[in-house]
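> So I've got this file, final.tsv, and it contains TSV, C-alpha atoms:
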```tsv
chain	number	residue	atom	x	y	z
Z	16	MET	CA	380.58	174.88	258.69
Z	17	VAL	CA	381.73	177.64	256.37
Z	18	TYR	CA	379.79	178.30	253.17
Z	19	LYS	CA	381.55	179.71	250.14
Z	20	ASP	CA	379.68	181.92	247.73
Z	21	LYS	CA	379.46	180.34	244.30
Z	22	LEU	CA	378.59	181.68	240.88
Z	23	CYS	CA	374.97	181.15	239.84
Z	24	LYS	CA	374.60	178.84	236.81
Z	25	CYS	CA	371.64	180.73	235.35
Z	26	GLY	CA	373.95	183.25	233.75
Z	27	CYS	CA	373.01	186.26	235.86
Z	28	GLY	CA	376.62	186.75	237.00
Z	29	LYS	CA	375.67	186.91	240.71
Z	30	THR	CA	377.37	184.94	243.46
Z	31	GLY	CA	375.92	183.64	246.70
Z	32	LYS	CA	374.65	180.55	248.45
Z	33	ILE	CA	373.43	178.03	245.91
Z	34	TRP	CA	369.80	176.92	246.36
Z	35	SER	CA	369.12	174.20	243.78
Z	36	LYS	CA	370.44	173.08	240.40
Z	37	GLY	CA	373.46	175.34	240.87
Z	38	MET	CA	371.34	178.52	241.08
Z	39	LEU	CA	370.64	181.15	243.71
Z	40	LYS	CA	367.23	180.93	245.35
Z	41	GLN	CA	365.77	183.98	243.55
Z	42	CYS	CA	367.09	182.76	240.17
Z	43	PHE	CA	365.74	179.26	240.73
Z	44	PHE	CA	362.21	180.54	241.49
Z	45	ARG	CA	362.36	183.08	238.66
Z	46	LEU	CA	363.11	180.31	236.18
Z	47	ASN	CA	360.97	177.65	237.90
Z	48	PRO	CA	357.82	179.40	239.17
Z	49	VAL	CA	355.73	177.61	241.76
Z	50	LYS	CA	352.69	175.95	240.19
Z	51	PRO	CA	349.37	176.57	241.94
Z	52	ILE	CA	347.90	173.59	243.76
Z	53	LYS	CA	344.73	172.33	242.16
Z	54	LYS	CA	341.96	171.64	244.60
Z	55	SER	CA	340.27	168.50	243.38
Z	56	SER	CA	337.15	169.24	245.41
Z	57	LEU	CA	336.76	172.62	243.70
Z	58	SER	CA	337.34	171.32	240.20
Z	59	LYS	CA	335.20	168.23	240.75
Z	60	ILE	CA	331.78	168.43	239.15
Z	61	LEU	CA	329.19	166.23	240.81
Z	62	SER	CA	327.03	163.98	238.72
Z	63	PRO	CA	323.25	164.28	239.08
Z	64	LYS	CA	323.23	160.94	240.94
Z	65	ALA	CA	325.88	162.21	243.38
Z	66	ILE	CA	323.93	165.43	243.97
Z	67	ILE	CA	320.78	163.44	244.78
Z	68	LYS	CA	322.74	161.16	247.13
Z	69	LYS	CA	324.26	164.19	248.88
Z	70	GLU	CA	320.82	165.79	249.33
Z	71	GLU	CA	319.36	162.52	250.65
Z	72	LYS	CA	322.19	162.26	253.20
Z	73	LYS	CA	321.62	165.86	254.29
Z	74	GLU	CA	317.87	165.21	254.72
Z	75	ARG	CA	318.53	161.98	256.65
Z	76	THR	CA	320.93	163.83	258.97
Z	77	LYS	CA	318.29	166.51	259.64
Z	78	ARG	CA	315.73	163.80	260.47
Z	79	LEU	CA	318.23	162.07	262.75
Z	80	HIS	CA	319.01	165.28	264.66
Z	81	ALA	CA	315.32	166.08	265.06
Z	82	TRP	CA	314.76	162.53	266.31
Z	83	PHE	CA	317.66	162.86	268.79
Z	84	ILE	CA	316.02	165.94	270.26
Z	85	SER	CA	312.47	164.59	270.44
Z	86	GLU	CA	313.12	160.98	271.43
Z	87	ILE	CA	316.38	161.07	273.37
Z	88	TRP	CA	317.07	164.55	274.74
Z	89	GLU	CA	313.51	165.36	275.84
Z	90	LYS	CA	312.85	161.94	277.41
Z	91	ARG	CA	316.11	161.28	279.23
Z	92	PRO	CA	317.85	163.12	282.06
Z	93	HIS	CA	320.48	165.54	280.76
Z	94	TYR	CA	323.45	163.63	282.14
Z	95	SER	CA	326.27	161.70	280.50
Z	96	GLU	CA	325.49	158.01	280.73
Z	97	LEU	CA	329.15	157.15	281.40
Z	98	SER	CA	330.20	159.69	284.02
Z	99	LEU	CA	326.86	161.18	285.09
Z	100	LYS	CA	328.18	164.68	284.31
Z	101	TRP	CA	325.55	167.36	283.72
Z	102	LEU	CA	325.16	168.08	279.99
Z	103	GLY	CA	323.37	171.38	280.37
Z	104	ASN	CA	319.95	172.52	279.22
Z	105	GLU	CA	320.71	172.66	275.49
Z	106	PRO	CA	321.11	169.55	273.31
Z	107	ASN	CA	324.07	171.09	271.45
Z	108	THR	CA	326.22	170.40	274.55
Z	109	CYS	CA	325.56	166.67	274.21
Z	110	PHE	CA	327.03	164.03	271.92
Z	111	PHE	CA	324.72	161.20	270.93
Z	112	HIS	CA	326.65	157.99	270.33
Z	113	HIS	CA	325.38	154.94	268.43
Z	114	ILE	CA	326.47	151.78	270.23
Z	115	TYR	CA	326.10	149.85	266.99
Z	116	SER	CA	327.27	152.15	264.19
Z	117	LYS	CA	324.84	153.56	261.62
Z	118	SER	CA	326.96	152.27	258.74
Z	119	SER	CA	327.16	148.66	259.88
Z	120	HIS	CA	323.63	148.47	261.36
Z	121	PRO	CA	321.35	150.96	259.56
Z	122	ASP	CA	318.27	149.21	260.98
Z	123	LEU	CA	319.34	150.34	264.50
Z	124	GLU	CA	319.92	153.97	263.51
Z	125	PHE	CA	316.59	155.18	264.94
Z	126	ILE	CA	316.39	152.77	267.91
Z	127	ALA	CA	316.61	154.65	271.22
Z	128	ASP	CA	318.25	151.67	272.98
Z	129	ASN	CA	321.20	152.04	270.56
Z	130	ILE	CA	321.91	155.66	271.60
Z	131	ILE	CA	323.76	156.96	274.64
Z	132	GLN	CA	324.40	160.57	275.68
Z	133	LEU	CA	328.03	161.58	276.30
Z	134	THR	CA	330.19	164.63	276.84
Z	135	ALA	CA	332.51	165.70	274.01
Z	136	ASP	CA	335.61	164.22	275.71
Z	137	GLU	CA	333.86	160.94	276.49
Z	138	HIS	CA	332.60	160.70	272.93
Z	139	ALA	CA	336.15	161.07	271.59
Z	140	GLU	CA	337.36	158.32	273.94
Z	141	VAL	CA	334.48	156.01	273.01
Z	142	GLU	CA	335.04	156.57	269.29
Z	143	ALA	CA	338.71	155.67	269.77
Z	144	ASN	CA	337.96	152.45	271.66
Z	145	SER	CA	334.42	151.65	272.73
Z	146	THR	CA	335.25	148.13	273.96
Z	147	LYS	CA	337.05	149.45	277.06
Z	148	PHE	CA	333.81	150.81	278.57
Z	149	HIS	CA	331.81	148.31	280.63
Z	150	LEU	CA	328.51	150.21	280.24
Z	151	ILE	CA	328.76	150.20	276.44
Z	152	ASN	CA	329.72	146.53	276.33
Z	153	THR	CA	326.72	145.71	278.53
Z	154	LYS	CA	324.34	147.77	276.38
Z	155	ARG	CA	325.78	146.20	273.22
Z	156	GLU	CA	325.01	142.75	274.62
Z	157	GLU	CA	321.46	143.80	275.61
Z	158	ILE	CA	320.82	145.14	272.10
Z	159	ARG	CA	322.28	141.98	270.55
Z	160	ILE	CA	319.87	139.84	272.55
Z	161	LYS	CA	316.82	142.12	272.13
Z	162	TYR	CA	317.24	142.82	268.39
Z	163	GLY	CA	319.06	139.65	267.33
Z	164	LYS	CA	322.35	141.28	266.32
```
Represent the structure contained in this file as structure tokens.


Amino acid sequence: MVYKDKLCKCGCGKTGKIWSKGMLKQCFFRLNPVKPIKKSSLSKILSPKAIIKKEEKKERTKRLHAWFISEIWEKRPHYSELSLKWLGNEPNTCFFHHIYSKSSHPDLEFIADNIIQLTADEHAEVEANSTKFHLINTKREEIRIKYGK
């Protein structure tokens, strides 16, 4: 395809490949400067109630991580419960997965039976589709019977 140079409609008298609205690229951007993108998260001012809720969530997460270390990591072997892969000596190499989610069953959040240790790859697979794993389905049924879920 052959392009013909055309006269810019902005009145500059230059010819070239037309970009938009009959103007060359440099003329178009000179007359229509790009507007900066507003970041809603930066311009958003949190209400006092939202700040309190955010702090409460942060504190709850700290408690949950401390509980994972003391009740799960220190009392269980350091192996993935799905593949029996070694998770190492540090808890930051392990992913703790709630069989029943914290959002739908907050009463089971701090129940050790509801937590399994996984590798990072396994955790991603389980989060995508936990029903395909026999071990998790079995544990889910045990929890349902034991805790009446």

> Do you have the atom CA of Pro92 of chain Z-atom CA of Asn129 of chain Z distance handy?

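Answer for the atom CA of Pro92 of chain Z to atom CA of Asn129 of chain Z separation: 16.3 Å.
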
> Distance atom CA of Thr146 of chain Z-atom CA of Leu99 of chain Z, one decimal place?

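Going from atom CA of Thr146 of chain Z over to atom CA of Leu99 of chain Z covers 19.1 Å.
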
> Point out the residue among Z:Lys100, Z:His113, Z:Lys21, Z:His120 with the least atom-to-atom distance to Glu142 of chain Z, counting all atoms listed in the file.

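Among the listed residues, Z:His113 lies closest to Glu142 of chain Z.
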
> Any idea what's packed within 10 Å of Tyr115 of chain Z, counting only C-alpha atoms, ignoring anything in its chain fewer than 2 positions away? Could you give it as number ranges by chain?

Z: 112-113, 117-124, 129-130, 151, 154-155, 158-159, 164

> Would you mind listing what lies within 8 Å of Ala135 of chain Z as a list of chain:residue names, with all atoms listed in the file counted and same-chain residues fewer than 3 positions away left out?

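Those residues are Z:Thr108, Z:Cys109, Z:Phe110, Z:His138, Z:Ala139.
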
> How many Å separate atom CA of Trp88 of chain Z from atom CA of Asn144 of chain Z?

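Atom CA of Asn144 of chain Z lies 24.3 Å from atom CA of Trp88 of chain Z.
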
> Counting only C-alpha atoms, figure out which residue out of Z:Ile52, Z:Leu97, Z:Ala127, Z:Ile114 gets nearest to Ile84 of chain Z.

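Distance minimum relative to Ile84 of chain Z lands on Z:Ala127.
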
> Out of Z:Lys36, Z:Lys72, Z:Asp128, Z:Arg45, which residue has the shortest atom-to-atom distance to Thr153 of chain Z when counting all atoms listed in the file?

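Closest residue, counting all atoms listed in the file: Z:Asp128.
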
> I'd like the neighbourhood of Phe111 of chain Z as a PDB file with C-alpha atoms, in the coordinates of the input, where a residue qualifies if any of its atoms comes within 7 Å (using all atoms listed in the file), though same-chain residues fewer than 4 positions away should be ignored.


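Result file selection_12.pdb:
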```
ATOM      1  CA  ILE Z 130     321.910 155.660 271.600  1.00  0.00           C
ATOM      2  CA  ILE Z 131     323.760 156.960 274.640  1.00  0.00           C
ATOM      3  CA  GLN Z 132     324.400 160.570 275.680  1.00  0.00           C
ATOM      4  CA  LEU Z 133     328.030 161.580 276.300  1.00  0.00           C
TER       5      LEU Z 133
END
```

> Restricting the calculation to only C-alpha atoms: of Z:Glu140, Z:Leu150, Z:Glu105, Z:Phe125, which residue gets closest to Leu79 of chain Z?

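Among Z:Glu140, Z:Leu150, Z:Glu105, Z:Phe125, it is Z:Phe125 that comes nearest to Leu79 of chain Z.
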
> Out of Z:His93, Z:Pro63, Z:Ser98, Z:Cys25, which residue has the shortest atom-to-atom distance to Asn47 of chain Z when counting only C-alpha atoms?

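Checking each candidate against Asn47 of chain Z, we get Z:Cys25 as the closest.
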
> Residues within 9 Å of Lys24 of chain Z, please, as a PDB file with C-alpha atoms, in the frame of the given file. Count only C-alpha atoms; anything in the same chain fewer than 6 positions from it doesn't count.


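Here's the written file part-v2.pdb:
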```pdb
ATOM      1  CA  LYS Z  36     370.440 173.080 240.400  1.00  0.00           C
ATOM      2  CA  GLY Z  37     373.460 175.340 240.870  1.00  0.00           C
ATOM      3  CA  MET Z  38     371.340 178.520 241.080  1.00  0.00           C
ATOM      4  CA  LEU Z  39     370.640 181.150 243.710  1.00  0.00           C
TER       5      LEU Z  39
END
```

> Which of these residues is nearest to Thr134 of chain Z, using only C-alpha atoms: Z:Asn107, Z:Thr76, Z:Asn152, Z:Ser35?

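Checking each of Z:Asn107, Z:Thr76, Z:Asn152, Z:Ser35 against Thr134 of chain Z, counting only C-alpha atoms, the winner is Z:Asn107.
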